file work.cif (mmCIF, C-alpha atoms)
data_run
#
loop_
_atom_site.label_atom_id
_atom_site.label_comp_id
_atom_site.auth_asym_id
_atom_site.auth_seq_id
_atom_site.Cartn_x
_atom_site.Cartn_y
_atom_site.Cartn_z
CA MET A 1 3.42 -20.71 -30.42
CA GLY A 2 3.99 -19.87 -26.74
CA SER A 3 5.61 -16.48 -27.33
CA GLN A 4 2.98 -15.51 -29.88
CA ARG A 5 0.21 -16.48 -27.47
CA PHE A 6 1.79 -14.33 -24.75
CA THR A 7 2.17 -11.35 -27.10
CA TYR A 8 -1.43 -11.71 -28.31
CA GLY A 9 -2.78 -11.88 -24.74
CA PHE A 10 -0.67 -8.94 -23.64
CA LEU A 11 -1.83 -6.76 -26.54
CA ILE A 12 -5.49 -7.71 -26.01
CA ARG A 13 -5.30 -6.70 -22.35
CA LEU A 14 -3.36 -3.55 -23.18
CA LEU A 15 -5.73 -2.44 -25.92
CA GLY A 16 -8.79 -3.58 -23.99
CA LYS A 17 -7.80 -1.25 -21.13
CA THR A 18 -8.50 -3.89 -18.50
CA VAL A 19 -8.71 -2.25 -15.08
CA TYR A 20 -7.33 -4.04 -12.06
CA PRO A 21 -8.53 -2.42 -8.79
CA CYS A 22 -5.83 -1.44 -6.35
CA ASP A 23 -5.46 0.84 -3.34
CA VAL A 24 -2.28 2.88 -3.06
CA ALA A 25 -1.41 4.60 0.21
CA VAL A 26 1.46 7.06 0.57
CA ALA A 27 2.60 8.79 3.74
CA VAL A 28 5.11 11.64 3.91
CA GLU A 29 7.53 11.21 6.79
CA ILE A 30 9.56 14.41 6.26
CA GLY A 31 7.92 17.10 4.15
CA ASP A 32 10.56 19.83 4.04
CA LYS A 33 13.60 19.59 1.74
CA ALA A 34 15.93 21.13 4.34
CA ALA A 35 14.64 18.71 6.99
CA ILE A 36 15.27 15.78 4.64
CA ARG A 37 18.83 17.00 4.08
CA ASP A 38 19.39 17.37 7.85
CA ALA A 39 17.96 13.90 8.57
CA TYR A 40 20.16 12.36 5.87
CA ASN A 41 23.30 14.08 7.19
CA ALA A 42 22.46 12.97 10.74
CA ALA A 43 21.95 9.37 9.62
CA VAL A 44 25.18 9.32 7.63
CA SER A 45 27.23 10.86 10.45
CA SER A 46 25.76 8.52 13.10
CA LYS A 47 26.52 5.39 11.08
CA ALA A 48 29.96 4.02 11.86
CA ALA A 49 32.20 3.30 8.89
CA PRO A 50 33.23 -0.37 8.65
CA SER A 51 36.88 -1.02 9.49
CA SER A 52 37.47 -3.26 6.48
CA ARG A 53 35.34 -3.81 3.42
CA SER A 54 36.18 -7.49 3.08
CA SER A 55 34.82 -8.42 6.53
CA SER A 56 31.47 -6.72 5.87
CA CYS A 57 31.15 -8.38 2.45
CA SER A 58 31.94 -11.85 3.72
CA GLY A 59 28.69 -12.03 5.68
CA GLY A 60 30.39 -12.66 9.02
CA THR A 61 29.78 -10.47 12.03
CA THR A 62 32.47 -8.43 13.71
CA GLU A 63 32.64 -7.18 17.30
CA GLY A 64 30.95 -3.87 16.46
CA ASP A 65 28.03 -5.45 14.59
CA ASP A 66 24.73 -5.75 16.39
CA PRO A 67 22.72 -8.82 15.30
CA ALA A 68 19.53 -6.75 15.56
CA ASP A 69 20.86 -4.38 12.86
CA LEU A 70 21.28 -7.18 10.33
CA GLY A 71 18.37 -7.94 8.01
CA LEU A 72 15.24 -5.96 7.26
CA PRO A 73 14.04 -3.04 9.40
CA ALA A 74 10.74 -3.21 11.27
CA LEU A 75 7.61 -2.17 9.37
CA LYS A 76 6.17 1.27 10.10
CA PHE A 77 3.04 0.95 7.96
CA GLY A 78 1.05 -2.01 6.76
CA THR A 79 0.71 -5.51 8.09
#

call {"tool": "encode", "arguments": {"input": "work.cif", "output": "structure tokens"}}
result
Amino acid sequence: MGSQRFTYGFLIRLLGKTVYPCDVAVAVEIGDKAAIRDAYNAAVSSKAAPSSRSSSCSGGTTEGDDPADLGLPALKFGT
């Protein structure tokens, strides 16, 4: 009965065209295709290649790793 109830509810909402309000904001950081390519190449060339794949996959830090670089980057937009 549970799966049929879910399917029935889903179809009712789909066919009923229920509208859920939402605000979507998009910002373009680099608008030119050539500039995007240059920024990508600069980022790839500035990033140092890890010396061994096993040490980076193990989760441990090495001498060249900066603890500030680990984890999520800082937010640019939003709260």

call {"tool": "atom_distance", "arguments": {"input": "work.cif", "atom1": "atom CA of A:Phe77", "atom2": "atom CA of A:Ala27"}}
result
8.9 Å

call {"tool": "atom_distance", "arguments": {"input": "work.cif", "atom1": "atom CA of A:Leu70", "atom2": "atom CA of A:Gly31"}}
result
28.4 Å

call {"tool": "atom_distance", "arguments": {"input": "work.cif", "atom1": "atom CA of A:Glu29", "atom2": "atom CA of A:Gly78"}}
result
14.7 Å
